[in-house]
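Here is the structure we will look at, set down as structure tokens.
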Amino acid sequence: MHRFFAAVAAVAAIAAPAASAGYYMEHESVMPNPATFQPMKATVRSWHDGKRFKRENPIRNEVVIIDLESRMVVGLNPTQKTYWKLPAERYRQLAMLSLVVMGVTPKPDGTIDVPDPLFMKTGQTAVVEGRKAYQVKVLGKLPPGVESEVWLSEEIPLTTEKLIAELRLALGDPKDPSFELLFGQWRELTGYPIQNVTTIVTPKGKVMSSETLLTFREMPIDPKEFVIPKGYALTEDPISMMERLMAAQQGPAGIGAPLPKKQIPGTLPAADPR
């Protein structure tokens, strides 16, 4: 979302009739500067209306619009005035990466491995942005040196169903039972996640990133929020770019191409683990 909220983000749980209001939210995002490791802060805004979701992250200079009515995902770059498009199913490859800090392991077949239990209540409480909250630790298979925690509060009129709805949207409304195991783990928690914190141990010490709920409103959402602005030019999507760069690194193939560095003449190359 952050990871938890990122991604962060087909709303079976809260999809409402067209006349119902949507949600507008603001989170404070804190991320380390990649060059200096000093914290950078920004207000992340999001709009959620039925099967449409929009998230605006100034730190990343990125706006992502998810529309499961059309099953398309659009990414905007406000500085360069460009946009990319991906089918929801293909965008899932990016969304799955955000699950790593939730202790969930994506599998090659498109399903996920969800530890049980995924969360552990620590008994710790605190006041976060004026709301009493309780802490849960993520027990999943986190990368080495990474710790994640979530603070939830019952003092706002939202539940984890709201977060589950955003997860469904970001993941393209997956139907595999393994995703229902993930959603079920969230449903066991009371209240709503108002802060998530990820700590990473680096050679220069610990760095932290977090997102904290500042405000939310239930309100009608202008359909124009989910439209590509005029004057934006289509550009290459991040998955295609990644695939192109990986193909370029592999070099030429076919007769006359150099052998892979680790391949011994007269032998076959090892099978691709994918």
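Chains: A, B, ... in order of the structure tokens. Residues: from 1 per chain. Ligands: from 1, in order shown.
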
>> For stretch 85-102 of chain A, find every residue with an atom within 10 Å (counting only C-alpha atoms), except residues of its own chain fewer than 6 positions away, and show them as a PyMOL selection string.
In response: chain A and resi 1-9+64-68+70-76+110-112+114+118-119+137-143+146-150+167+169-174+182+197-199+234-240

Can you spit out the residues from that selection as a PDB file, in the first residue's frame, using C-alpha atoms?
ATOM      1  CA  MET A   1       0.000   0.000   0.000  1.00  0.00           C
ATOM      2  CA  HIS A   2       3.378   1.328   0.825  1.00  0.00           C
ATOM      3  CA  ARG A   3       3.155  -0.946   0.315  1.00  0.00           C
ATOM      4  CA  PHE A   4       0.054  -2.238   2.203  1.00  0.00           C
ATOM      5  CA  PHE A   5      -2.000   0.575   0.783  1.00  0.00           C
ATOM      6  CA  ALA A   6       0.367   0.544  -2.408  1.00  0.00           C
ATOM      7  CA  ALA A   7       0.215  -0.791  -4.716  1.00  0.00           C
ATOM      8  CA  VAL A   8       0.396  -0.514  -4.151  1.00  0.00           C
ATOM      9  CA  ALA A   9      -4.157  -1.446  -4.952  1.00  0.00           C
ATOM     10  CA  VAL A  64      -1.916   4.828 -11.035  1.00  0.00           C
ATOM     11  CA  ILE A  65      -5.528   4.424 -12.168  1.00  0.00           C
ATOM     12  CA  ILE A  66      -7.148   0.984 -11.943  1.00  0.00           C
ATOM     13  CA  ASP A  67     -10.455   0.401 -13.728  1.00  0.00           C
ATOM     14  CA  LEU A  68     -11.855  -3.108 -13.465  1.00  0.00           C
ATOM     15  CA  SER A  70     -12.527  -1.911 -18.547  1.00  0.00           C
ATOM     16  CA  ARG A  71      -9.935  -4.203 -16.883  1.00  0.00           C
ATOM     17  CA  MET A  72      -7.193  -1.694 -17.696  1.00  0.00           C
ATOM     18  CA  VAL A  73      -4.551  -0.042 -15.531  1.00  0.00           C
ATOM     19  CA  VAL A  74      -3.011   3.312 -16.453  1.00  0.00           C
ATOM     20  CA  GLY A  75       0.127   4.922 -15.067  1.00  0.00           C
ATOM     21  CA  LEU A  76       0.609   8.694 -15.360  1.00  0.00           C
ATOM     22  CA  GLY A 110       0.560 -17.028 -10.483  1.00  0.00           C
ATOM     23  CA  THR A 111      -0.713 -18.166  -7.084  1.00  0.00           C
ATOM     24  CA  ILE A 112       0.675 -17.055  -3.724  1.00  0.00           C
ATOM     25  CA  VAL A 114       0.285 -17.286   2.431  1.00  0.00           C
ATOM     26  CA  LEU A 118       0.335 -14.111   8.754  1.00  0.00           C
ATOM     27  CA  PHE A 119      -0.064 -11.632  11.635  1.00  0.00           C
ATOM     28  CA  LYS A 137       3.709  -7.950  13.416  1.00  0.00           C
ATOM     29  CA  VAL A 138       3.969  -9.594  10.015  1.00  0.00           C
ATOM     30  CA  LEU A 139       5.115 -13.192  10.462  1.00  0.00           C
ATOM     31  CA  GLY A 140       5.414 -14.125   6.805  1.00  0.00           C
ATOM     32  CA  LYS A 141       8.492 -14.924   4.750  1.00  0.00           C
ATOM     33  CA  LEU A 142      10.062 -11.492   4.638  1.00  0.00           C
ATOM     34  CA  PRO A 143      13.374 -10.847   2.861  1.00  0.00           C
ATOM     35  CA  VAL A 146      13.218  -6.728   6.689  1.00  0.00           C
ATOM     36  CA  GLU A 147      10.565  -6.271   9.372  1.00  0.00           C
ATOM     37  CA  SER A 148       6.973  -5.130   8.846  1.00  0.00           C
ATOM     38  CA  GLU A 149       4.299  -4.047  11.291  1.00  0.00           C
ATOM     39  CA  VAL A 150       0.767  -2.676  11.039  1.00  0.00           C
ATOM     40  CA  LEU A 167      -6.090  -5.347  -2.804  1.00  0.00           C
ATOM     41  CA  LEU A 169      -8.517  -4.027  -7.406  1.00  0.00           C
ATOM     42  CA  ALA A 170      -4.719  -3.925  -7.577  1.00  0.00           C
ATOM     43  CA  LEU A 171      -4.549  -7.684  -8.174  1.00  0.00           C
ATOM     44  CA  GLY A 172      -7.217  -7.667 -10.870  1.00  0.00           C
ATOM     45  CA  ASP A 173      -9.846  -9.455  -8.763  1.00  0.00           C
ATOM     46  CA  PRO A 174      -7.988 -12.815  -8.596  1.00  0.00           C
ATOM     47  CA  LEU A 182      -4.696 -13.730   2.167  1.00  0.00           C
ATOM     48  CA  VAL A 197       5.961   0.500   8.943  1.00  0.00           C
ATOM     49  CA  THR A 198       8.679  -1.412   7.112  1.00  0.00           C
ATOM     50  CA  THR A 199      12.216  -1.487   8.533  1.00  0.00           C
ATOM     51  CA  LEU A 234       1.483   7.143 -24.605  1.00  0.00           C
ATOM     52  CA  THR A 235       4.811   5.596 -23.575  1.00  0.00           C
ATOM     53  CA  GLU A 236       6.227   2.145 -22.848  1.00  0.00           C
ATOM     54  CA  ASP A 237       4.787   0.347 -19.838  1.00  0.00           C
ATOM     55  CA  PRO A 238       7.170  -0.747 -17.033  1.00  0.00           C
ATOM     56  CA  ILE A 239       6.753  -4.495 -17.627  1.00  0.00           C
ATOM     57  CA  SER A 240       7.540  -4.238 -21.342  1.00  0.00           C
TER      58      SER A 240
END

> Tell me, which residues of stretch 89-120 of chain A carry DSSP strand (DSSP E), written as a ChimeraX atom specification?
Replying inline: /A:105-106,112-113,119-120

How would the residues just picked look written out with N, CA and C atoms as an mmCIF file, in the first residue's frame?
data_model
loop_
_atom_site.group_PDB
_atom_site.id
_atom_site.type_symbol
_atom_site.label_atom_id
_atom_site.label_comp_id
_atom_site.auth_asym_id
_atom_site.auth_seq_id
_atom_site.Cartn_x
_atom_site.Cartn_y
_atom_site.Cartn_z
ATOM 1 N N THR A 105 4.510 -14.876 -0.473
ATOM 2 C CA THR A 105 5.446 -15.243 -1.524
ATOM 3 C C THR A 105 4.709 -15.543 -2.832
ATOM 4 N N PRO A 106 4.930 -14.742 -3.878
ATOM 5 C CA PRO A 106 4.353 -15.064 -5.199
ATOM 6 C C PRO A 106 4.999 -16.334 -5.752
ATOM 7 N N ILE A 112 -0.169 -17.585 -4.783
ATOM 8 C CA ILE A 112 0.675 -17.055 -3.724
ATOM 9 C C ILE A 112 0.721 -18.034 -2.552
ATOM 10 N N ASP A 113 1.819 -17.976 -1.829
ATOM 11 C CA ASP A 113 1.999 -18.777 -0.620
ATOM 12 C C ASP A 113 1.739 -17.867 0.575
ATOM 13 N N PHE A 119 -0.227 -12.742 10.692
ATOM 14 C CA PHE A 119 -0.064 -11.632 11.635
ATOM 15 C C PHE A 119 -0.043 -12.136 13.066
ATOM 16 N N MET A 120 0.627 -11.382 13.920
ATOM 17 C CA MET A 120 0.644 -11.682 15.353
ATOM 18 C C MET A 120 0.395 -10.382 16.124
#

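Coordinates place atom CA of A:Pro229 at a distance of 10.7 Å from atom CA of A:Asn77.
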
So which residues touch stretch 23-25 of chain A within 6 Å, counting only C-alpha atoms, skipping near sequence neighbours fewer than 5 positions away, as a compact mmCIF listing (two decimals) with N, CA and C atoms, in the first residue's frame?
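File produced: part.txt:
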# COMPACT_ATOMS: atom_id res chain seq x y z
N ARG A 45 -2.46 10.69 -2.06
CA ARG A 45 -3.92 10.80 -2.13
C ARG A 45 -4.49 9.64 -2.93
N SER A 46 -5.67 9.18 -2.54
CA SER A 46 -6.31 8.09 -3.27
C SER A 46 -7.82 8.31 -3.35
N TRP A 47 -8.39 7.82 -4.45
CA TRP A 47 -9.82 7.90 -4.72
C TRP A 47 -10.31 6.50 -5.03
N HIS A 48 -11.43 6.09 -4.44
CA HIS A 48 -11.94 4.73 -4.62
C HIS A 48 -13.45 4.82 -4.84
N THR A 215 -6.39 11.46 6.79
CA THR A 215 -7.81 11.78 6.75
C THR A 215 -8.51 10.92 5.71
N PHE A 216 -9.80 10.76 5.87
CA PHE A 216 -10.60 10.06 4.86
C PHE A 216 -11.99 10.66 4.86
N ARG A 217 -12.62 10.59 3.70
CA ARG A 217 -13.98 11.09 3.58
C ARG A 217 -14.77 10.15 2.69
N GLU A 218 -16.00 9.88 3.08
CA GLU A 218 -16.92 9.17 2.19
C GLU A 218 -17.64 10.24 1.40
N MET A 219 -17.50 10.21 0.08
CA MET A 219 -18.01 11.30 -0.74
C MET A 219 -18.16 10.84 -2.19

>> Using only C-alpha atoms, which protein or nucleic acid residues come within 9 Å of A:Val128? Drop anything in the same chain fewer than 4 positions from it, and give the result as a ChimeraX atom specification.
In response: /A:132-133,151,153,194-195,212-213
